[in-house]
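Asker: Structure supplied as start.cif; contents: mmCIF, C-alpha atoms and all ligand atoms.
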data_model
#
loop_
_atom_site.label_atom_id
_atom_site.label_comp_id
_atom_site.auth_asym_id
_atom_site.auth_seq_id
_atom_site.Cartn_x
_atom_site.Cartn_y
_atom_site.Cartn_z
CA MET C 29 -4.37 21.30 -4.62
CA THR C 30 -0.73 21.38 -3.56
CA ARG C 31 -0.35 25.00 -4.60
CA TYR C 32 -2.03 26.45 -1.52
CA THR C 33 -0.99 24.04 1.22
CA GLU C 34 1.89 26.24 2.38
CA ILE C 35 0.92 29.87 2.01
CA PRO C 36 3.89 32.11 2.98
CA VAL C 37 3.41 33.91 6.28
CA LEU C 38 4.97 37.27 7.14
CA LYS C 39 4.53 37.52 10.89
CA ASN C 40 3.49 40.66 12.69
CA SER C 41 6.41 42.11 14.68
CA GLY C 42 4.24 43.10 17.66
CA SER C 43 0.94 41.39 18.41
CA SER C 44 -2.07 43.50 19.44
CA LEU C 45 -3.33 40.65 21.62
CA PRO C 46 -2.21 42.25 24.91
CA LYS C 47 -4.53 45.20 24.15
CA VAL C 48 -7.62 42.97 23.95
CA ASP C 49 -9.84 42.23 26.92
CA PHE C 50 -11.57 39.02 25.86
CA ASN C 51 -14.21 39.55 28.53
CA GLN C 52 -15.20 42.93 27.06
CA LEU C 53 -15.39 42.14 23.34
CA GLU C 54 -17.58 44.12 20.97
CA PHE C 55 -18.65 42.94 17.53
CA GLY C 56 -16.19 44.34 14.98
CA LYS C 57 -14.00 46.24 17.44
CA TYR C 58 -10.82 44.15 17.34
CA MET C 59 -8.99 42.70 14.36
CA SER C 60 -6.63 39.72 14.63
CA ASP C 61 -2.93 40.23 13.85
CA HIS C 62 -2.89 38.83 10.30
CA MET C 63 -4.82 38.82 7.05
CA LEU C 64 -4.62 36.71 3.93
CA VAL C 65 -4.13 38.61 0.70
CA ALA C 66 -4.21 37.20 -2.84
CA ARG C 67 -4.45 39.12 -6.08
CA TYR C 68 -6.11 38.30 -9.37
CA ALA C 69 -4.36 39.52 -12.49
CA ASP C 70 -3.58 38.11 -15.95
CA GLY C 71 -6.53 35.72 -15.60
CA ARG C 72 -5.41 33.92 -12.43
CA TRP C 73 -5.19 34.17 -8.65
CA GLN C 74 -1.60 34.61 -7.51
CA ASP C 75 0.76 35.73 -4.72
CA ALA C 76 -1.39 34.41 -1.86
CA GLU C 77 0.27 35.32 1.41
CA ILE C 78 -0.53 35.92 5.05
CA VAL C 79 0.70 39.33 6.20
CA PRO C 80 0.23 41.61 9.22
CA PHE C 81 -3.24 43.14 9.30
CA GLY C 82 -3.00 46.76 8.22
CA PRO C 83 -3.65 49.40 5.58
CA ILE C 84 -3.53 48.53 1.89
CA PRO C 85 -2.31 51.02 -0.72
CA MET C 86 -4.91 51.86 -3.35
CA MET C 87 -5.57 54.47 -6.00
CA PRO C 88 -8.83 56.48 -5.92
CA THR C 89 -9.58 55.07 -9.39
CA ILE C 90 -9.94 51.41 -8.36
CA LEU C 91 -13.15 50.20 -9.96
CA ALA C 92 -14.72 48.76 -6.78
CA LEU C 93 -15.06 52.24 -5.32
CA HIS C 94 -16.93 53.59 -8.32
CA TYR C 95 -18.92 50.72 -9.77
CA GLY C 96 -19.47 48.44 -6.81
CA GLN C 97 -17.73 45.17 -7.66
CA SER C 98 -17.20 44.32 -4.01
CA VAL C 99 -18.48 41.15 -2.34
CA PHE C 100 -17.92 39.38 0.95
CA GLU C 101 -18.71 36.48 3.25
CA GLY C 102 -19.27 36.30 7.00
CA MET C 103 -18.35 33.13 8.85
CA LYS C 104 -17.03 31.94 12.20
CA ALA C 105 -14.38 29.80 13.88
CA PHE C 106 -14.95 28.32 17.34
CA ARG C 107 -12.82 27.06 20.21
CA MET C 108 -14.10 23.56 20.84
CA LYS C 109 -14.49 21.96 24.21
CA ASP C 110 -11.25 19.94 23.68
CA GLY C 111 -9.33 23.16 22.88
CA LYS C 112 -9.16 22.52 19.12
CA ILE C 113 -10.44 25.13 16.66
CA SER C 114 -13.19 24.49 14.12
CA ILE C 115 -14.37 26.59 11.19
CA PHE C 116 -18.09 26.28 10.51
CA ARG C 117 -19.43 25.20 7.09
CA ILE C 118 -16.58 26.31 4.83
CA ARG C 119 -18.05 24.58 1.76
CA LYS C 120 -21.46 26.23 2.14
CA HIS C 121 -19.94 29.71 2.52
CA TYR C 122 -17.66 29.02 -0.44
CA GLU C 123 -20.59 28.01 -2.65
CA ARG C 124 -22.43 31.22 -1.81
CA LEU C 125 -19.30 33.27 -2.49
CA GLN C 126 -18.96 31.58 -5.88
CA ARG C 127 -22.58 32.39 -6.78
CA THR C 128 -22.06 35.98 -5.66
CA LEU C 129 -18.83 36.33 -7.67
CA HIS C 130 -20.56 34.91 -10.72
CA ARG C 131 -23.50 37.35 -10.40
CA MET C 132 -21.08 40.27 -10.11
CA CYS C 133 -18.94 39.21 -13.11
CA MET C 134 -15.97 38.52 -10.84
CA PRO C 135 -13.57 35.58 -11.20
CA ASP C 136 -14.09 32.23 -9.42
CA ILE C 137 -11.83 31.52 -6.50
CA PRO C 138 -10.36 27.99 -6.34
CA PHE C 139 -11.82 26.09 -3.38
CA GLU C 140 -8.31 25.12 -2.25
CA LEU C 141 -7.28 28.76 -1.99
CA PHE C 142 -10.38 29.58 0.06
CA GLU C 143 -10.19 26.55 2.36
CA GLU C 144 -6.42 26.50 2.84
CA GLY C 145 -6.33 30.28 3.19
CA LEU C 146 -8.94 30.14 5.96
CA LYS C 147 -7.27 27.25 7.75
CA GLN C 148 -3.78 28.75 7.64
CA LEU C 149 -4.96 32.21 8.62
CA VAL C 150 -6.92 30.86 11.59
CA LYS C 151 -3.96 28.70 12.57
CA THR C 152 -1.61 31.71 12.40
CA ASP C 153 -3.97 33.69 14.66
CA ALA C 154 -5.06 30.72 16.78
CA GLN C 155 -4.58 32.71 19.97
CA TRP C 156 -7.26 35.11 18.76
CA VAL C 157 -9.95 32.42 18.87
CA PRO C 158 -11.68 33.12 22.19
CA ASP C 159 -12.40 30.37 24.67
CA GLN C 160 -14.91 32.42 26.66
CA GLU C 161 -18.34 30.80 26.62
CA GLY C 162 -20.29 31.92 23.54
CA SER C 163 -17.48 34.01 21.99
CA SER C 164 -16.02 33.15 18.59
CA LEU C 165 -13.72 34.37 15.83
CA TYR C 166 -15.66 36.19 13.11
CA ILE C 167 -14.05 35.76 9.67
CA ARG C 168 -14.60 38.17 6.81
CA PRO C 169 -13.48 37.15 3.29
CA LEU C 170 -13.69 40.18 0.98
CA VAL C 171 -13.16 40.39 -2.78
CA PHE C 172 -13.10 43.67 -4.69
CA ALA C 173 -12.13 45.16 -8.03
CA THR C 174 -8.71 46.81 -8.05
CA GLU C 175 -8.15 47.71 -11.67
CA GLU C 176 -7.32 51.43 -11.90
CA ARG C 177 -9.59 52.92 -14.56
CA PHE C 178 -12.02 55.79 -14.80
CA GLY C 179 -14.46 54.25 -17.26
CA VAL C 180 -17.34 51.88 -16.44
CA LYS C 181 -16.17 48.34 -17.06
CA ILE C 182 -15.82 44.89 -15.53
CA SER C 183 -12.52 44.91 -13.70
CA ASP C 184 -9.69 42.65 -14.87
CA GLU C 185 -7.96 42.79 -11.48
CA TYR C 186 -9.14 41.92 -7.96
CA LEU C 187 -7.94 41.49 -4.43
CA LEU C 188 -9.07 38.76 -2.01
CA ILE C 189 -8.53 39.68 1.62
CA ILE C 190 -9.51 37.39 4.48
CA MET C 191 -9.47 39.07 7.87
CA SER C 192 -10.84 38.11 11.27
CA GLY C 193 -11.54 39.34 14.77
CA PRO C 194 -12.87 37.97 18.07
CA VAL C 195 -16.55 38.65 18.78
CA PRO C 196 -18.58 38.34 21.97
CA PRO C 197 -21.49 36.00 22.69
CA PHE C 198 -24.80 37.16 21.37
CA TYR C 199 -27.22 37.85 24.21
CA PRO C 200 -30.67 37.59 22.76
CA ARG C 201 -32.46 40.88 23.21
CA PRO C 202 -35.79 40.33 21.53
CA LEU C 203 -36.12 42.44 18.39
CA ARG C 204 -38.84 44.83 17.28
CA VAL C 205 -39.19 44.59 13.52
CA LYS C 206 -41.15 46.63 11.01
CA VAL C 207 -42.73 45.02 7.97
CA GLU C 208 -41.41 47.27 5.20
CA ASP C 209 -44.08 48.49 2.79
CA ARG C 210 -42.29 51.38 1.08
CA TYR C 211 -38.65 50.49 0.35
CA SER C 212 -37.16 47.40 -1.17
CA ARG C 213 -33.82 45.70 -0.52
CA ALA C 214 -33.90 43.56 -3.64
CA ALA C 215 -35.85 43.48 -6.88
CA LYS C 216 -36.74 40.52 -9.10
CA GLY C 217 -33.84 39.99 -11.45
CA GLY C 218 -31.56 42.04 -9.19
CA THR C 219 -28.69 41.09 -6.89
CA GLY C 220 -30.64 40.28 -3.70
CA ALA C 221 -29.41 36.67 -3.59
CA ALA C 222 -25.78 37.82 -3.85
CA LYS C 223 -23.73 38.98 -0.89
CA CYS C 224 -22.50 42.14 -2.57
CA ALA C 225 -21.67 45.39 -0.81
CA GLY C 226 -24.26 47.49 -2.66
CA ASN C 227 -27.16 45.50 -1.17
CA TYR C 228 -26.15 46.71 2.28
CA GLY C 229 -25.63 50.36 1.34
CA GLY C 230 -29.01 50.35 -0.38
CA ALA C 231 -30.71 48.92 2.71
CA PHE C 232 -29.45 51.52 5.17
CA TYR C 233 -32.06 54.17 4.45
CA ALA C 234 -35.14 52.05 5.25
CA SER C 235 -33.38 50.64 8.34
CA LYS C 236 -32.55 54.14 9.52
CA LEU C 237 -36.17 55.26 9.15
CA ALA C 238 -37.39 52.14 10.97
CA LYS C 239 -34.95 52.86 13.83
CA GLU C 240 -36.29 56.41 14.07
CA GLU C 241 -39.75 54.85 14.54
CA GLY C 242 -38.44 52.73 17.42
CA PHE C 243 -37.79 49.45 15.58
CA ASP C 244 -34.53 47.49 15.55
CA GLN C 245 -34.78 46.11 12.03
CA VAL C 246 -36.99 46.00 8.98
CA LEU C 247 -38.68 42.86 7.71
CA TRP C 248 -38.19 43.16 3.96
CA THR C 249 -41.11 42.23 1.74
CA ASP C 250 -41.78 41.91 -1.98
CA LEU C 251 -43.84 45.17 -1.78
CA SER C 252 -46.84 43.39 -3.35
CA PRO C 253 -50.25 44.31 -1.86
CA GLU C 254 -50.00 41.10 0.23
CA LEU C 255 -46.53 42.03 1.53
CA ARG C 256 -44.82 38.64 1.21
CA ILE C 257 -42.07 38.47 3.81
CA GLU C 258 -38.49 38.03 2.57
CA GLU C 259 -35.84 38.48 5.28
CA SER C 260 -34.71 40.84 8.02
CA GLY C 261 -31.59 43.00 8.15
CA THR C 262 -28.74 40.50 8.06
CA MET C 263 -30.89 37.50 8.93
CA ASN C 264 -33.35 35.11 7.37
CA VAL C 265 -36.65 34.79 9.25
CA PHE C 266 -38.77 32.02 10.73
CA PHE C 267 -42.32 32.01 12.13
CA LEU C 268 -43.73 29.30 14.39
CA ILE C 269 -47.43 28.99 13.56
CA GLY C 270 -49.57 26.16 14.93
CA GLY C 271 -46.40 24.22 15.82
CA ARG C 272 -45.01 24.42 12.28
CA LEU C 273 -41.88 26.41 11.52
CA ILE C 274 -42.33 28.51 8.38
CA THR C 275 -39.62 30.35 6.44
CA PRO C 276 -39.93 32.11 3.07
CA PRO C 277 -38.62 30.01 0.17
CA LEU C 278 -35.31 30.99 -1.40
CA SER C 279 -35.64 33.31 -4.35
CA GLU C 280 -33.56 35.84 -6.23
CA THR C 281 -34.56 38.48 -3.67
CA ILE C 282 -33.39 36.57 -0.58
CA LEU C 283 -29.85 35.83 0.57
CA GLU C 284 -29.46 32.09 1.12
CA GLY C 285 -28.33 32.04 4.73
CA VAL C 286 -26.01 29.31 5.95
CA THR C 287 -27.73 29.49 9.35
CA ARG C 288 -31.13 29.14 7.66
CA ASP C 289 -29.94 25.98 5.94
CA SER C 290 -28.45 24.64 9.19
CA ILE C 291 -31.75 25.26 11.01
CA LEU C 292 -33.70 23.43 8.32
CA GLU C 293 -31.33 20.44 8.60
CA ILE C 294 -31.54 20.40 12.39
CA CYS C 295 -35.35 20.61 12.28
CA LYS C 296 -35.46 17.59 9.96
CA MET C 297 -33.16 15.71 12.33
CA GLU C 298 -35.23 16.66 15.38
CA GLY C 299 -38.58 15.94 13.70
CA ILE C 300 -39.72 19.58 13.91
CA PRO C 301 -42.18 20.24 11.07
CA VAL C 302 -40.88 22.95 8.72
CA GLU C 303 -42.35 24.61 5.66
CA GLU C 304 -40.41 26.64 3.10
CA ARG C 305 -43.23 28.68 1.67
CA SER C 306 -44.33 32.22 1.18
CA ILE C 307 -45.87 33.97 4.16
CA THR C 308 -47.69 37.29 4.01
CA ALA C 309 -48.21 40.10 6.50
CA GLY C 310 -51.93 39.15 6.45
CA GLU C 311 -51.21 35.56 7.51
CA ILE C 312 -49.03 36.81 10.36
CA THR C 313 -51.81 39.16 11.53
CA GLU C 314 -54.43 36.37 11.37
CA ALA C 315 -52.19 33.82 13.10
CA HIS C 316 -51.57 36.34 15.85
CA ALA C 317 -55.31 37.05 16.21
CA SER C 318 -56.10 33.33 16.47
CA GLY C 319 -53.27 32.73 18.94
CA THR C 320 -51.40 30.30 16.68
CA LEU C 321 -48.37 32.56 16.08
CA THR C 322 -46.19 31.58 19.02
CA GLU C 323 -42.70 32.64 17.89
CA ALA C 324 -40.79 34.57 15.26
CA PHE C 325 -37.03 34.82 15.00
CA GLY C 326 -34.18 35.82 12.73
CA ALA C 327 -31.28 33.51 11.85
CA GLY C 328 -27.77 34.51 10.79
CA THR C 329 -24.09 33.86 11.49
CA ALA C 330 -23.68 36.79 13.89
CA ALA C 331 -26.60 35.98 16.21
CA VAL C 332 -27.37 32.35 15.26
CA THR C 333 -31.01 32.96 16.26
CA ALA C 334 -32.52 36.25 17.45
CA PRO C 335 -36.05 36.25 18.88
CA ILE C 336 -38.56 38.81 17.62
CA CYS C 337 -40.87 40.30 20.27
CA SER C 338 -43.01 42.60 18.16
CA ILE C 339 -43.86 43.17 14.52
CA GLY C 340 -45.11 46.47 13.09
CA ILE C 341 -47.49 46.00 10.19
CA ARG C 342 -48.86 49.11 8.47
CA GLY C 343 -48.99 51.13 11.69
CA ARG C 344 -50.26 48.29 13.91
CA ILE C 345 -48.01 46.51 16.40
CA ILE C 346 -48.28 42.79 17.01
CA ASP C 347 -46.75 41.61 20.28
CA LEU C 348 -45.52 38.04 20.43
CA PRO C 349 -45.49 35.75 23.45
CA ALA C 350 -42.43 36.34 25.65
CA TYR C 351 -39.21 34.59 24.65
CA SER C 352 -38.15 31.96 27.18
CA GLU C 353 -35.58 29.21 27.76
CA SER C 354 -38.01 26.72 26.25
CA SER C 355 -38.55 28.72 23.04
CA LEU C 356 -37.79 26.80 19.85
CA CYS C 357 -35.50 29.67 18.88
CA ASN C 358 -33.40 28.98 21.97
CA ARG C 359 -33.46 25.21 21.52
CA LEU C 360 -32.18 25.48 17.94
CA GLN C 361 -29.48 27.95 19.01
CA LYS C 362 -28.29 25.52 21.71
CA ILE C 363 -28.15 22.52 19.37
CA MET C 364 -26.20 24.46 16.76
CA ASN C 365 -23.74 25.86 19.28
CA ALA C 366 -23.21 22.42 20.80
CA MET C 367 -22.39 21.00 17.35
CA LYS C 368 -19.93 23.82 16.61
CA LYS C 369 -18.15 23.28 19.91
CA GLY C 370 -18.00 19.50 19.62
CA GLU C 371 -20.35 19.04 22.60
CA GLN C 372 -22.76 17.20 20.30
CA PRO C 373 -21.72 14.93 17.38
CA ASP C 374 -21.03 16.78 14.13
CA VAL C 375 -23.51 14.57 12.27
CA PHE C 376 -23.55 16.77 9.17
CA SER C 377 -19.73 17.21 8.98
CA TRP C 378 -20.07 20.98 9.26
CA ASN C 379 -16.86 21.54 11.22
CA THR C 380 -13.39 21.83 9.68
CA ILE C 381 -10.84 21.25 12.41
CA VAL C 382 -7.77 23.48 12.20
CA SER C 383 -4.83 21.42 13.38
C1 LIG C 401 -29.00 39.99 3.93
C2 LIG C 401 -28.68 38.80 4.76
N1 LIG C 401 -29.59 37.81 4.88
C3 LIG C 401 -29.34 36.71 5.60
C4 LIG C 401 -28.13 36.54 6.25
C5 LIG C 401 -27.87 35.29 7.05
O1 LIG C 401 -26.88 34.52 6.41
P1 LIG C 401 -25.90 33.58 7.23
O2 LIG C 401 -26.77 32.67 8.01
O3 LIG C 401 -25.13 32.86 6.17
O4 LIG C 401 -25.07 34.45 8.08
C6 LIG C 401 -27.16 37.55 6.17
C7 LIG C 401 -25.88 37.40 6.86
O5 LIG C 401 -24.91 37.10 6.23
C8 LIG C 401 -27.43 38.70 5.40
O6 LIG C 401 -26.51 39.68 5.29
#
Could you take the file, read its structure, and then write that structure out as structure tokens?
Ligand SMILES: Cc1ncc(COP(=O)(O)O)c(C=O)c1O

Answerer:
Amino acid sequence: MTRYTEIPVLKNSGSSLPKVDFNQLEFGKYMSDHMLVARYADGRWQDAEIVPFGPIPMMPTILALHYGQSVFEGMKAFRMKDGKISIFRIRKHYERLQRTLHRMCMPDIPFELFEEGLKQLVKTDAQWVPDQEGSSLYIRPLVFATEERFGVKISDEYLLIIMSGPVPPFYPRPLRVKVEDRYSRAAKGGTGAAKCAGNYGGAFYASKLAKEEGFDQVLWTDLSPELRIEESGTMNVFFLIGGRLITPPLSETILEGVTRDSILEICKMEGIPVEERSITAGEITEAHASGTLTEAFGAGTAAVTAPICSIGIRGRIIDLPAYSESSLCNRLQKIMNAMKKGEQPDVFSWNTIVS
């Protein structure tokens, strides 16, 4: 535990902060001044340090570029109402990273390295955590294979880089989604439950086609004749039918979202009936026809919740009731944001305060 409590910091000589207009942020546009770097070699993680954010030297033969051993996480830090900084659900993100690393034959990362690395990096770049309403610091831990070899093999060397950048509030613009009936994001026995880079590259094509048809995202399915819904883009999905909130159960073809889990916990706390069960395109169509489908929304770290306004199913468009302030999607978003900012008690101990 003691090994990672004081990670050496090499400070940036000139901060880029003056170049940033915190009132005009864009997702992914600005990077904070520093990054954490640790390398894995000789069977252990070593040389963890915080250094100025910038280019990293690499040979074209590093295995990640050829054979795809590259995984990541996406998480956030918030400026709380008392001015302190909190990082949301470190343990839950760590557990998912561990499962992903395991699935991709990559080495475990000690929890202390992950937690202390995050805390010390965020502390070093504390001024980058926005205090504008709804803005936050997005944090991206990335692990990839760095062994230099031409042949196909599991790498013996890796790099962990944790980087961050301020991101703006998410203004919910209701999404048009297309139930995908041709392409698949994840196959049974595949890597769908892992947060590995290849899953995203493989998903681009169907998303691009859906965008050309006028949709914002695809709703992935299992491609069975019933089209069981899985998830959407970079979000898990929820449907409110007859007052019950339904989300597909976790499986090896769905990424276990931290936001999904947080929503399920909050629903239990608030007495909102939830069901983790499979839901088909047919059930959505019928619930819409009978007037019981009142809401659908995506849930993920970037947006928290994102309302869905229409769903394309095999050439037919289903329009959902208009999203409003009183939508469940909005209520859940507000509760979660209030917890992250310390405006509501952190009853689940989800916040790690960076002192
Ligand atoms: C494929 C996919 N599904 C779901 C999610 C939602 O996960 P989380 O709530 O942990 O951000 C994400 C985002 O990370 C994702 O990339």

Asker: Just the residues within 9 Å of range 32-48 of chain C, please, counting all atoms listed in the file, with nothing from its chain fewer than 6 positions along; format it as a count of residues only.

Answerer: 22

Asker: Work out how far apart CA of Thr322 in chain C and CA of Pro335 in chain C are and give it in Å to one decimal.

Answerer: 11.2 Å

Asker: Write out as a PyMOL selection string the residues lying within 9 Å of range 99-111 of chain C, counting only C-alpha atoms and excluding same-chain residues fewer than 5 positions away.

Answerer: chain C and resi 116-118+121-122+124-125+128-129+132+150+157-160+162-172+192+222-226+329-330+368-371

Asker: Could you give me, as a ChimeraX atom specification, every polymer residue with an atom at most 9 Å away from an atom of ligand LIG 401 (chain C), counting all atoms listed in the file?

Answerer: /C:101-103,120-121,124,213,220-223,227-228,259-265,282-290,326-332

Asker: So how many Å separate CA of Lys236 in chain C and CA of Ile346 in chain C, to one decimal?

Answerer: 20.8 Å

Asker: For Ile274 in chain C, work out the shell of residues within 7 Å, counting only C-alpha atoms and skipping chain neighbours fewer than 3 positions away, then give it as a PDB file with C-alpha atoms, keeping the file's coordinate frame.

Answerer:
ATOM      1  CA  PHE C 266     -38.770  32.020  10.730  1.00  0.00           C
ATOM      2  CA  PHE C 267     -42.320  32.010  12.130  1.00  0.00           C
ATOM      3  CA  LEU C 268     -43.730  29.300  14.390  1.00  0.00           C
ATOM      4  CA  VAL C 302     -40.880  22.950   8.720  1.00  0.00           C
ATOM      5  CA  GLU C 303     -42.350  24.610   5.660  1.00  0.00           C
ATOM      6  CA  GLU C 304     -40.410  26.640   3.100  1.00  0.00           C
ATOM      7  CA  ARG C 305     -43.230  28.680   1.670  1.00  0.00           C
TER       8      ARG C 305
END

Asker: For CA of Glu298 in chain C and CA of Leu278 in chain C, determine how far apart the two atoms are, in Å to one decimal place.

Answerer: 22.1 Å

Asker: Out of C:Arg127, C:Arg177, C:Arg210, C:Lys147, which residue has the shortest atom-to-atom distance to Leu237 in chain C when counting all atoms listed in the file?

Answerer: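 For Leu237 in chain C, the nearest of the given residues is C:Arg210.
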
Asker: Give me, as number ranges by chain, all polymer residues having an atom no more than 10 Å from Tyr68 in chain C, counting all atoms listed in the file and skipping those fewer than 4 positions away in the same chain.

Answerer: C: 72-76, 134-135, 137, 171-175, 184-188

Asker: From the options C:Asp153, C:Glu293, C:Asp209, C:Asp244, which residue's atoms come nearest to Leu360 in chain C, counting all atoms listed in the file?

Answerer: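 Among the listed residues, the smallest separation from Leu360 in chain C belongs to C:Glu293.
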
Asker: Nearest to Glu241 in chain C: which of C:Cys295, C:Met367, C:Ile345, C:Cys337 is it, counting only C-alpha atoms?

Answerer: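 Residue with the minimum atom-to-atom distance to Glu241 in chain C: C:Ile345.
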
Asker: For the point (-11.6, 15.0, 14.0) in the file's frame, write as a list in words all residues with an atom no more than 12 Å away, counting only C-alpha atoms.

Answerer: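 Counting only C-alpha atoms, I find these residues within 12 Å of (-11.6, 15.0, 14.0): Met108, Asp110, Lys112, Ile113, Ser114, Gly370, Pro373, Asp374, Ser377, Trp378, Asn379, Thr380, Ile381, Val382 and Ser383 of chain C.
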
Asker: Which of these residues is nearest to Ala324 in chain C, using all atoms listed in the file: C:Ala350, C:Ile363, C:Glu161, C:Gly310?

Answerer: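 Counting all atoms listed in the file, the residue closest to Ala324 in chain C is C:Ala350.
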
Asker: Could you tell me which of C:Thr89, C:Asp347, C:Ile341, C:Met364 comes closest to Glu311 in chain C if we count all atoms listed in the file?

Answerer: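 Distance minimum relative to Glu311 in chain C lands on C:Ile341.
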